[in-house]
>>> print(open('final-v4.cif').read())   # mmCIF, C-alpha atoms and all ligand atoms
data_target
loop_
_atom_site.label_atom_id
_atom_site.label_comp_id
_atom_site.auth_asym_id
_atom_site.auth_seq_id
_atom_site.Cartn_x
_atom_site.Cartn_y
_atom_site.Cartn_z
CA MET L 11 73.03 97.11 116.37
CA THR L 12 73.37 99.68 113.60
CA THR L 13 76.25 102.13 113.44
CA ILE L 14 75.63 105.22 111.32
CA LEU L 15 78.49 107.29 109.93
CA ARG L 16 76.78 110.62 109.25
CA ASN L 17 77.73 113.96 107.59
CA GLY L 18 81.02 112.79 106.06
CA LEU L 19 82.09 113.14 102.42
CA ILE L 20 81.75 109.55 101.20
CA VAL L 21 84.28 108.44 98.60
CA THR L 22 82.68 105.17 97.59
CA MET L 23 85.06 103.70 94.96
CA ASN L 24 81.94 102.00 93.55
CA ARG L 25 81.57 101.36 89.80
CA ASP L 26 80.64 104.98 89.10
CA ARG L 27 83.18 106.30 91.64
CA ASP L 28 80.38 108.24 93.33
CA VAL L 29 81.42 110.86 95.88
CA PHE L 30 78.68 112.46 97.96
CA ARG L 31 77.78 113.83 101.34
CA GLY L 32 75.61 111.26 103.03
CA GLU L 33 75.72 108.34 105.37
CA ILE L 34 76.89 104.77 105.75
CA HIS L 35 74.96 102.28 107.88
CA ILE L 36 76.85 99.30 109.28
CA GLU L 37 74.79 96.32 110.44
CA GLY L 38 76.62 93.28 111.71
CA ASP L 39 79.58 92.70 109.40
CA ARG L 40 77.98 94.44 106.38
CA ILE L 41 77.30 97.82 104.85
CA ALA L 42 73.50 98.00 104.98
CA TYR L 43 73.15 101.44 103.39
CA ALA L 44 75.39 103.89 101.53
CA GLY L 45 73.47 106.89 100.28
CA LYS L 46 72.76 110.59 100.26
CA SER L 47 69.53 110.70 102.18
CA ARG L 48 69.33 110.68 105.92
CA LYS L 49 67.66 107.50 107.07
CA PRO L 50 65.99 107.40 110.46
CA ALA L 51 68.14 105.85 113.15
CA GLY L 52 66.61 103.04 115.20
CA ALA L 53 66.42 103.44 118.95
CA ASP L 54 69.56 101.39 119.52
CA ALA L 55 71.55 102.90 116.60
CA ARG L 56 74.84 104.57 117.31
CA VAL L 57 75.48 107.71 115.29
CA ILE L 58 79.02 108.93 114.65
CA ASP L 59 79.28 112.48 113.37
CA CYS L 60 81.81 112.50 110.51
CA SER L 61 81.59 116.23 109.74
CA GLY L 62 84.91 117.44 108.32
CA GLN L 63 85.96 113.91 107.42
CA PHE L 64 86.27 111.69 104.39
CA VAL L 65 84.65 108.26 104.63
CA LEU L 66 86.56 105.70 102.56
CA PRO L 67 86.84 101.98 102.02
CA GLY L 68 89.61 100.59 104.26
CA LEU L 69 93.05 100.57 102.64
CA ILE L 70 94.46 97.22 101.56
CA GLN L 71 98.15 96.34 101.63
CA ALA L 72 98.90 93.22 99.62
CA HIS L 73 102.55 92.84 100.66
CA VAL L 74 103.83 93.28 104.23
CA HIS L 75 106.09 91.45 106.72
CA LEU L 76 104.71 91.78 110.26
CA CYS L 77 107.63 89.67 111.50
CA GLN L 78 110.05 92.47 110.60
CA ALA L 79 108.34 95.31 112.45
CA LEU L 80 110.78 95.06 115.37
CA PHE L 81 113.80 95.61 113.07
CA ARG L 82 112.78 99.06 111.86
CA GLY L 83 115.78 101.37 111.80
CA ASP L 84 118.26 98.50 112.16
CA ALA L 85 118.87 97.87 108.45
CA ASP L 86 119.18 101.24 106.72
CA ASP L 87 121.36 102.02 103.69
CA LEU L 88 121.76 98.53 102.21
CA SER L 89 120.82 96.89 98.90
CA LEU L 90 118.33 94.02 98.83
CA LEU L 91 120.60 90.96 99.01
CA ASP L 92 122.95 92.50 101.62
CA TRP L 93 119.92 93.77 103.56
CA LEU L 94 118.60 90.20 103.69
CA LYS L 95 121.85 88.32 104.34
CA LYS L 96 123.52 90.72 106.78
CA ARG L 97 120.50 91.87 108.75
CA ILE L 98 117.01 90.54 108.06
CA TRP L 99 117.64 86.79 107.96
CA PRO L 100 119.75 86.77 111.17
CA PHE L 101 117.10 89.00 112.83
CA GLU L 102 114.21 86.74 111.73
CA ASN L 103 116.20 83.70 112.89
CA ALA L 104 116.51 85.26 116.37
CA HIS L 105 112.71 85.44 116.81
CA THR L 106 111.04 83.48 119.59
CA ALA L 107 107.27 83.01 119.65
CA PRO L 108 106.84 85.94 122.10
CA SER L 109 109.04 88.30 120.05
CA LEU L 110 107.19 87.38 116.84
CA ARG L 111 103.85 88.07 118.55
CA ALA L 112 105.16 91.44 119.76
CA SER L 113 106.37 92.30 116.25
CA ALA L 114 103.02 91.35 114.71
CA MET L 115 101.05 93.37 117.24
CA ILE L 116 102.99 96.62 116.89
CA GLY L 117 102.80 96.25 113.09
CA VAL L 118 99.05 95.66 113.18
CA LEU L 119 98.57 98.55 115.62
CA GLU L 120 100.43 100.93 113.31
CA MET L 121 98.54 99.79 110.23
CA GLN L 122 95.07 99.78 111.78
CA LYS L 123 95.58 103.25 113.26
CA SER L 124 96.65 104.52 109.83
CA GLY L 125 93.65 103.07 107.98
CA THR L 126 94.81 99.69 106.68
CA THR L 127 92.06 97.12 107.10
CA ALA L 128 93.37 94.11 105.15
CA ILE L 129 96.86 92.73 104.56
CA LEU L 130 98.67 89.97 102.74
CA ASP L 131 101.59 89.14 105.02
CA MET L 132 104.67 86.95 104.74
CA GLY L 133 105.58 85.24 108.00
CA THR L 134 109.04 84.05 108.90
CA VAL L 135 110.18 80.43 108.81
CA LYS L 136 109.48 79.58 112.45
CA HIS L 137 106.71 80.24 115.02
CA THR L 138 103.96 80.73 112.40
CA GLN L 139 101.35 79.43 114.82
CA ALA L 140 102.18 82.29 117.22
CA LEU L 141 101.94 84.82 114.38
CA LEU L 142 98.53 83.58 113.23
CA GLU L 143 97.19 83.50 116.79
CA ALA L 144 98.38 87.09 117.36
CA VAL L 145 96.67 88.43 114.22
CA SER L 146 93.54 86.41 114.99
CA GLY L 147 92.96 88.48 118.12
CA SER L 148 93.68 91.80 116.41
CA GLY L 149 90.57 92.19 114.25
CA MET L 150 92.73 92.61 111.10
CA ARG L 151 91.54 91.05 107.84
CA TYR L 152 94.53 88.85 107.12
CA TRP L 153 96.02 86.59 104.47
CA GLY L 154 99.45 85.09 105.21
CA GLY L 155 101.47 82.14 106.34
CA LYS L 156 104.82 80.53 106.98
CA CYS L 157 107.77 81.62 104.83
CA LEU L 158 109.49 78.73 103.02
CA MET L 159 113.25 78.69 102.26
CA ASP L 160 114.99 75.42 101.42
CA LEU L 161 117.93 76.18 99.11
CA LYS L 162 121.01 75.60 101.25
CA SER L 163 123.32 78.01 99.44
CA ALA L 164 120.90 80.97 99.51
CA SER L 165 118.79 80.88 102.67
CA GLY L 166 121.31 81.78 105.40
CA PRO L 167 120.29 80.60 108.86
CA LEU L 168 116.61 80.25 107.85
CA ARG L 169 117.11 77.24 105.60
CA GLU L 170 114.90 74.22 106.28
CA LYS L 171 114.78 70.76 104.75
CA THR L 172 112.20 70.74 101.94
CA ALA L 173 110.14 67.94 103.47
CA ASP L 174 110.03 69.67 106.89
CA ALA L 175 108.94 73.01 105.38
CA LEU L 176 106.20 71.31 103.35
CA LYS L 177 104.95 69.17 106.23
CA GLU L 178 104.59 72.18 108.56
CA THR L 179 102.88 74.17 105.79
CA GLU L 180 100.35 71.43 105.10
CA ASP L 181 99.59 71.12 108.81
CA LEU L 182 99.07 74.89 109.10
CA VAL L 183 96.83 75.00 106.00
CA ARG L 184 94.65 72.28 107.50
CA GLU L 185 94.50 73.86 110.95
CA TRP L 186 93.69 77.39 109.77
CA ARG L 187 91.24 76.50 106.99
CA ASP L 188 88.10 77.42 108.92
CA LYS L 189 89.46 78.70 112.20
CA ASN L 190 88.77 82.43 111.90
CA GLU L 191 86.64 84.14 109.26
CA LEU L 192 89.18 86.98 108.99
CA VAL L 193 92.29 84.79 108.61
CA GLU L 194 93.04 83.01 105.34
CA TYR L 195 96.17 80.97 104.90
CA ALA L 196 98.53 81.90 102.04
CA LEU L 197 101.53 79.88 100.83
CA CYS L 198 104.68 81.99 101.13
CA PRO L 199 107.76 80.66 99.30
CA ARG L 200 110.14 83.62 99.93
CA PHE L 201 111.57 84.02 96.42
CA ALA L 202 113.13 81.94 93.66
CA VAL L 203 116.61 82.74 95.01
CA SER L 204 115.99 80.78 98.26
CA CYS L 205 113.65 78.04 97.05
CA THR L 206 114.42 74.79 95.22
CA LYS L 207 112.51 73.88 92.09
CA GLY L 208 110.97 70.97 93.95
CA LEU L 209 109.61 73.26 96.67
CA MET L 210 108.14 75.68 94.12
CA GLU L 211 106.46 72.80 92.27
CA ALA L 212 105.01 71.55 95.54
CA MET L 213 103.59 75.06 96.14
CA VAL L 214 101.86 75.00 92.75
CA ASP L 215 100.35 71.58 93.54
CA LEU L 216 99.21 72.63 97.00
CA GLN L 217 97.69 75.85 95.63
CA ALA L 218 95.70 73.89 93.04
CA ARG L 219 94.51 71.43 95.68
CA GLU L 220 93.56 73.97 98.35
CA ARG L 221 92.52 76.92 96.13
CA ILE L 222 94.58 79.34 98.23
CA LEU L 223 96.95 82.22 97.48
CA ILE L 224 100.66 81.93 96.79
CA HIS L 225 102.53 85.01 97.99
CA THR L 226 106.11 85.51 96.80
CA HIS L 227 108.67 88.11 95.68
CA ALA L 228 110.08 88.41 92.16
CA SER L 229 112.20 90.76 90.06
CA GLU L 230 112.74 93.23 92.87
CA SER L 231 116.43 94.00 92.19
CA LYS L 232 118.79 93.41 89.26
CA ASP L 233 121.13 91.30 91.43
CA GLU L 234 118.23 89.03 92.36
CA VAL L 235 117.16 88.66 88.71
CA ALA L 236 120.78 87.78 87.82
CA ALA L 237 120.99 85.19 90.63
CA VAL L 238 117.82 83.46 89.39
CA LYS L 239 119.11 83.54 85.80
CA ARG L 240 122.45 81.99 86.80
CA ARG L 241 120.70 79.06 88.44
CA THR L 242 117.71 78.52 86.15
CA GLY L 243 118.71 80.10 82.83
CA ARG L 244 115.54 82.20 82.88
CA ASP L 245 114.31 85.64 83.92
CA ASN L 246 112.56 85.57 87.28
CA VAL L 247 108.89 85.68 86.25
CA ASP L 248 109.60 83.52 83.19
CA TYR L 249 110.99 80.94 85.61
CA LEU L 250 107.83 81.10 87.77
CA ASP L 251 105.79 80.71 84.58
CA SER L 252 107.77 77.60 83.61
CA LEU L 253 106.74 76.11 86.97
CA GLY L 254 103.06 76.82 86.29
CA MET L 255 102.92 79.42 89.04
CA LEU L 256 101.37 82.34 87.15
CA ASN L 257 97.64 82.59 87.80
CA GLU L 258 95.05 84.80 89.50
CA LYS L 259 95.90 83.40 92.93
CA THR L 260 99.66 84.01 92.84
CA VAL L 261 100.47 87.44 94.24
CA ILE L 262 103.92 88.67 93.23
CA ALA L 263 105.55 91.49 95.17
CA HIS L 264 107.65 94.10 93.33
CA GLY L 265 108.20 93.18 89.65
CA VAL L 266 110.44 96.22 89.28
CA HIS L 267 112.50 94.64 86.49
CA LEU L 268 110.09 92.76 84.23
CA THR L 269 110.73 92.19 80.54
CA LYS L 270 107.94 93.05 78.11
CA GLY L 271 107.31 89.34 77.69
CA GLU L 272 107.02 88.84 81.45
CA THR L 273 104.65 91.81 81.77
CA ASN L 274 102.38 90.32 79.10
CA LYS L 275 102.48 86.89 80.74
CA MET L 276 101.40 88.37 84.06
CA ALA L 277 98.62 90.34 82.39
CA ARG L 278 97.33 87.38 80.36
CA SER L 279 97.35 85.01 83.32
CA GLY L 280 95.73 87.58 85.66
CA THR L 281 98.69 87.32 88.08
CA PRO L 282 98.54 90.26 90.53
CA LEU L 283 101.58 92.46 91.15
CA VAL L 284 102.14 94.43 94.36
CA HIS L 285 103.96 97.74 94.05
CA CYS L 286 106.00 98.78 97.10
CA PRO L 287 107.49 102.14 96.13
CA SER L 288 109.08 103.15 99.46
CA SER L 289 110.87 99.83 99.74
CA ASN L 290 112.02 99.93 96.11
CA LEU L 291 113.51 103.39 96.68
CA LYS L 292 115.13 102.66 100.05
CA LEU L 293 116.86 99.46 98.89
CA ALA L 294 117.81 101.21 95.61
CA SER L 295 116.01 98.45 93.71
CA GLY L 296 114.58 100.79 91.07
CA ILE L 297 111.25 102.30 90.06
CA ALA L 298 108.61 99.94 88.66
CA PRO L 299 106.85 101.34 85.54
CA ILE L 300 103.40 101.04 87.11
CA GLN L 301 101.66 103.21 84.53
CA ALA L 302 102.88 100.83 81.80
CA TYR L 303 101.73 97.84 83.86
CA VAL L 304 98.28 99.35 84.36
CA ASP L 305 98.09 100.09 80.61
CA ALA L 306 99.10 96.48 79.86
CA GLY L 307 96.17 95.27 81.97
CA LEU L 308 98.09 94.03 84.99
CA LYS L 309 96.27 93.79 88.29
CA VAL L 310 98.25 96.14 90.54
CA ALA L 311 97.96 96.50 94.32
CA LEU L 312 100.08 98.41 96.86
CA GLY L 313 102.07 97.42 99.95
CA SER L 314 104.57 98.88 102.40
CA ASP L 315 106.71 95.69 102.47
CA GLY L 316 108.76 95.22 105.67
CA ALA L 317 109.17 97.99 108.24
CA PRO L 318 113.01 97.92 107.93
CA CYS L 319 112.93 98.72 104.19
CA ASN L 320 110.47 101.60 104.35
CA ASN L 321 110.49 102.55 107.46
CA SER L 322 106.75 103.14 107.72
CA MET L 323 103.70 100.93 107.24
CA ASP L 324 101.37 103.84 106.42
CA ALA L 325 99.49 103.11 103.17
CA PHE L 326 98.97 106.85 102.52
CA ILE L 327 102.72 107.19 101.90
CA GLU L 328 102.62 104.36 99.35
CA MET L 329 99.66 105.96 97.52
CA ARG L 330 101.45 109.30 97.32
CA LEU L 331 104.71 107.80 96.05
CA THR L 332 102.86 105.58 93.58
CA ALA L 333 101.39 108.66 91.93
CA LEU L 334 104.50 110.86 92.10
CA LEU L 335 107.06 108.34 90.88
CA GLN L 336 105.34 107.67 87.56
CA LYS L 337 105.29 111.30 86.46
CA PRO L 338 108.97 111.93 85.59
CA ARG L 339 108.91 108.88 83.29
CA PHE L 340 105.40 108.96 81.82
CA GLY L 341 104.48 112.64 82.11
CA PRO L 342 102.45 114.76 84.52
CA GLU L 343 99.14 113.12 83.63
CA ALA L 344 100.39 109.63 84.50
CA LEU L 345 98.90 107.83 87.47
CA PRO L 346 96.47 110.45 88.79
CA ALA L 347 95.51 110.51 92.46
CA ARG L 348 92.25 108.68 91.80
CA THR L 349 94.13 105.77 90.26
CA ALA L 350 96.48 105.64 93.27
CA LEU L 351 93.47 105.36 95.60
CA GLU L 352 91.98 102.68 93.32
CA LEU L 353 95.16 100.61 93.60
CA ALA L 354 95.06 100.89 97.42
CA THR L 355 91.40 99.80 97.63
CA LEU L 356 89.89 97.95 94.66
CA GLY L 357 93.34 96.94 93.39
CA GLY L 358 94.17 95.27 96.69
CA ALA L 359 90.78 93.56 96.81
CA ARG L 360 91.27 92.26 93.27
CA ALA L 361 94.78 90.97 94.04
CA LEU L 362 93.41 89.03 97.00
CA GLY L 363 90.45 87.64 95.05
CA ALA L 364 88.08 89.50 97.36
CA GLU L 365 86.68 92.21 95.10
CA ASP L 366 83.13 90.94 95.63
CA ARG L 367 83.48 91.48 99.40
CA ILE L 368 85.79 94.46 100.05
CA GLY L 369 87.48 97.42 98.32
CA SER L 370 84.52 99.82 98.00
CA LEU L 371 81.65 101.25 100.03
CA GLU L 372 78.58 99.52 98.60
CA GLU L 373 75.51 97.95 100.14
CA GLY L 374 76.06 94.27 100.82
CA LYS L 375 79.85 94.47 100.98
CA LEU L 376 81.71 93.75 104.21
CA ALA L 377 82.05 96.82 106.40
CA ASP L 378 85.76 97.71 106.13
CA VAL L 379 85.43 101.47 106.47
CA ILE L 380 87.70 104.30 107.58
CA THR L 381 87.20 107.99 108.24
CA VAL L 382 89.92 110.57 107.59
CA ASP L 383 90.00 114.01 109.17
CA ARG L 384 90.42 116.90 106.74
CA SER L 385 91.05 119.76 109.14
CA HIS L 386 94.87 119.74 109.17
CA PRO L 387 96.32 122.84 107.45
CA SER L 388 97.90 120.54 104.84
CA VAL L 389 94.48 119.48 103.59
CA ALA L 390 91.83 121.87 104.96
CA THR L 391 91.53 123.97 101.77
CA VAL L 392 91.67 121.13 99.23
CA GLU L 393 88.35 120.54 97.43
CA ASN L 394 89.25 117.56 95.21
CA PRO L 395 88.86 114.54 97.50
CA TYR L 396 91.29 112.29 95.59
CA SER L 397 93.97 114.97 95.54
CA ALA L 398 93.41 115.61 99.26
CA ILE L 399 93.55 111.95 100.26
CA VAL L 400 96.52 110.89 98.11
CA TYR L 401 98.75 113.96 98.21
CA SER L 402 97.88 115.76 101.42
CA CYS L 403 96.52 113.34 104.04
CA SER L 404 98.55 110.90 106.09
CA GLY L 405 97.72 107.90 108.20
CA ARG L 406 97.84 110.11 111.27
CA ASP L 407 94.66 111.83 110.02
CA VAL L 408 92.68 108.58 110.32
CA ARG L 409 89.97 108.87 113.00
CA ASP L 410 87.73 105.78 112.88
CA VAL L 411 88.34 102.31 111.50
CA PHE L 412 85.86 99.46 111.11
CA ILE L 413 86.86 95.97 109.95
CA ASN L 414 84.13 93.42 109.23
CA GLY L 415 81.74 95.79 110.99
CA ARG L 416 83.77 95.80 114.20
CA GLU L 417 85.03 99.08 115.58
CA ILE L 418 88.84 98.87 115.62
CA VAL L 419 89.88 102.53 116.02
CA ARG L 420 87.73 105.23 117.60
CA ASP L 421 88.75 108.86 117.23
CA GLY L 422 92.38 107.96 116.61
CA ARG L 423 92.78 105.51 119.51
CA HIS L 424 92.64 101.74 119.28
CA ALA L 425 89.26 100.55 120.49
CA PHE L 426 90.41 97.45 122.37
CA LEU L 427 94.21 97.08 122.31
CA ASP L 428 96.19 98.74 125.11
CA GLU L 429 98.48 100.81 122.86
CA GLY L 430 100.98 101.54 125.62
CA ALA L 431 101.28 97.86 126.49
CA VAL L 432 101.75 96.84 122.82
CA VAL L 433 104.57 99.39 122.42
CA ALA L 434 106.23 98.54 125.76
CA ASN L 435 106.15 94.84 124.94
CA ALA L 436 107.62 95.47 121.48
CA LYS L 437 110.48 97.49 123.00
CA ARG L 438 111.19 94.76 125.54
CA GLU L 439 111.11 91.97 122.95
CA ARG L 440 113.25 93.95 120.50
CA ALA L 441 115.97 94.46 123.13
CA ALA L 442 115.90 90.76 124.04
CA LEU L 443 116.05 89.75 120.36
CA MET L 444 119.08 91.94 119.71
CA ARG L 445 120.86 90.24 122.65
CA ARG L 446 120.22 86.84 121.01
CA LEU L 447 122.12 87.75 117.80
ZN ZN A 501 108.82 91.76 100.95
#
>>> encode(input="final-v4.cif", output="structure tokens")
Amino acid sequence: MTTILRNGLIVTMNRDRDVFRGEIHIEGDRIAYAGKSRKPAGADARVIDCSGQFVLPGLIQAHVHLCQALFRGDADDLSLLDWLKKRIWPFENAHTAPSLRASAMIGVLEMQKSGTTAILDMGTVKHTQALLEAVSGSGMRYWGGKCLMDLKSASGPLREKTADALKETEDLVREWRDKNELVEYALCPRFAVSCTKGLMEAMVDLQARERILIHTHASESKDEVAAVKRRTGRDNVDYLDSLGMLNEKTVIAHGVHLTKGETNKMARSGTPLVHCPSSNLKLASGIAPIQAYVDAGLKVALGSDGAPCNNSMDAFIEMRLTALLQKPRFGPEALPARTALELATLGGARALGAEDRIGSLEEGKLADVITVDRSHPSVATVENPYSAIVYSCSGRDVRDVFINGREIVRDGRHAFLDEGAVVANAKRERAALMRRL
């Protein structure tokens, strides 16, 4: 069956950044046509009128924590290491398989409804099977896996023996290799603070063997950089480099406090960096110099990080902040709206090694497509589409979402999840989890 998105303003993000009024045809999991002329619809085609809407590639968030969605609002006004030790690690440790599933589902529901079609997620230490099964049924394009933490002095209640963490990871990699075309396993050592050198080296070996992503945090706060330096004698990314971890398949969240040398090493090795501006502000971590990173040739993507350090998972907010935050430091022309949208689409696709499949609306690419209503008074008069999308729209303007050609959201409502049941279950599981602390 063909689905035709007709009469919208199509913001392609293709090589020429073409923007035109026209139509998108979705056939199976692919974009079969993206063009200006009206093509005849077959007898069984479904036509969706997108008048008054933007049609965009789905937004990509390359750093999130679905496991933390239930803790939103329970960890405000703390700095990173206190936020982790006092709240997040005990909360994650209190998860059962049902509470982790509930957390994943309300996180996915929020992100899909606000236009995010692909994520790189970090699980928690336990119950990863339940997490992957939950996302498998959600229609989300997903990279992620079990979080690994094995350094006794710096992992709180989540610490595992190195051999146990590695054994479970290898079993999960094997099991999920070809299980679901939308789910790709990613190795998730939490950060250098909580991981032994031996564990990190094992991650590098496993990545080389399996050709899969490593997903970790680095240089988010000054205290974290100092903790890594005390133990290893090196700056955070320099330390990862000494382990052989910098390459195109290692996605590093944050990088707020990189030295010039570290920035150049990431650029030269093609190591992607994920900017999470809301989280960096809320935890008082600092403001990453993204314009300088882009100029240095770094691959930059965006992410909302965990719900309790944001407290939203709406990618529109991250695009807006990404643009705004660079201007006081680099001047008003720094990081224009179009660049912010590039980071949230093509940038995410590049970070995930999926630029040939997603990130733009082009014939032959997978059909991850969203439509965004432009009738709200905040946006109705804005002509420049990039300015409208980045500065004036929000995730609550998203109307339709397709992932891999499948309809996920229709006119603002989830197409197959019972939204009320997902929310009720999350409330129930959150209350039960808080009683387990
Ligand atoms: Zn994070």
>>> residues_near_ligand(input="final-v4.cif", ligand="ligand ZN 501 (chain A)", cutoff="9 Å", atoms="all atoms listed in the file", output="PyMOL selection string")
chain L and resi 73-75+131-132+200+226-227+263-264+286+289+313-316+319
>>> closest_residue(input="final-v4.cif", among="L:Leu250, L:Ala140, L:Ala228, L:Leu331", to="Ser402 (chain L)", atoms="all atoms listed in the file")
L:Leu331
>>> residues_around(input="final-v4.cif", residues="Gly52 (chain L)", least_positions_apart="2", cutoff="10 Å", atoms="all atoms listed in the file", output="PDB file with C-alpha atoms, keeping the file's coordinate frame")
ATOM      1  CA  MET L  11      73.030  97.110 116.370  1.00  0.00           C
ATOM      2  CA  THR L  12      73.370  99.680 113.600  1.00  0.00           C
ATOM      3  CA  THR L  13      76.250 102.130 113.440  1.00  0.00           C
ATOM      4  CA  LYS L  49      67.660 107.500 107.070  1.00  0.00           C
ATOM      5  CA  PRO L  50      65.990 107.400 110.460  1.00  0.00           C
ATOM      6  CA  ASP L  54      69.560 101.390 119.520  1.00  0.00           C
ATOM      7  CA  ALA L  55      71.550 102.900 116.600  1.00  0.00           C
ATOM      8  CA  ARG L  56      74.840 104.570 117.310  1.00  0.00           C
TER       9      ARG L  56
END
>>> closest_atom_pairs(input="final-v4.cif", of="region 410-437 of chain L", to="region 150-165 of chain L", cutoff="12 Å", atoms="only C-alpha atoms", output="CSV")
residue,atom,partner,partner_atom,distance
L:Val411,CA,L:Met150,CA,10.7
L:Phe412,CA,L:Met150,CA,9.7
L:Ile413,CA,L:Met150,CA,6.9
L:Asn414,CA,L:Arg151,CA,7.9
L:Gly415,CA,L:Arg151,CA,11.3
L:Arg416,CA,L:Met150,CA,10.0
L:Glu417,CA,L:Met150,CA,11.0
L:Ile418,CA,L:Met150,CA,8.6
L:Val419,CA,L:Met150,CA,11.4
>>> closest_residue(input="final-v4.cif", among="L:Ser322, L:Ser252, L:Thr179, L:Gln301", to="Gly341 (chain L)", atoms="all atoms listed in the file")
L:Gln301
>>> closest_residue(input="final-v4.cif", among="L:Gly38, L:Pro387, L:Gly357, L:Gly149", to="Pro67 (chain L)", atoms="only C-alpha atoms")
L:Gly357
>>> residues_around(input="final-v4.cif", residues="Phe81 (chain L)", least_positions_apart="2", cutoff="10 Å", atoms="only C-alpha atoms", output="PyMOL selection string")
chain L and resi 77-79+83-85+97-98+101-102+113+316-319+321+440+443-444
>>> residues_around(input="final-v4.cif", residues="Leu371 (chain L)", least_positions_apart="4", cutoff="7 Å", atoms="all atoms listed in the file", output="list in words")
Thr22, Met23, Asn24, Ala44 and Pro67 of chain L
>>> atom_distance(input="final-v4.cif", atom1="CA of Arg221 (chain L)", atom2="CA of His267 (chain L)")
28.4 Å
>>> residues_near_point(input="final-v4.cif", point="(120.0, 87.7, 105.9)", cutoff="6 Å", atoms="only C-alpha atoms", output="JSON, numbers by chain")
{"L": [94, 95, 96, 97, 98, 99, 100]}
>>> closest_residue(input="final-v4.cif", among="L:Leu66, L:Ala436, L:Leu76, L:Ala51", to="Val382 (chain L)", atoms="all atoms listed in the file")
L:Leu66
>>> residues_near_point(input="final-v4.cif", point="(114.6, 75.3, 91.2)", cutoff="10 Å", atoms="only C-alpha atoms", output="MDAnalysis selection string")
chainID L and resid 161 202:211 238 241:242 249:250 253
>>> atom_distance(input="final-v4.cif", atom1="CA of Gly125 (chain L)", atom2="CA of Ala294 (chain L)")
27.2 Å
>>> atom_distance(input="final-v4.cif", atom1="CA of Ala377 (chain L)", atom2="CA of Thr355 (chain L)")
13.2 Å
>>> closest_residue(input="final-v4.cif", among="L:Leu176, L:Arg48, L:Met115, L:Asn246", to="Gly147 (chain L)", atoms="all atoms listed in the file")
L:Met115
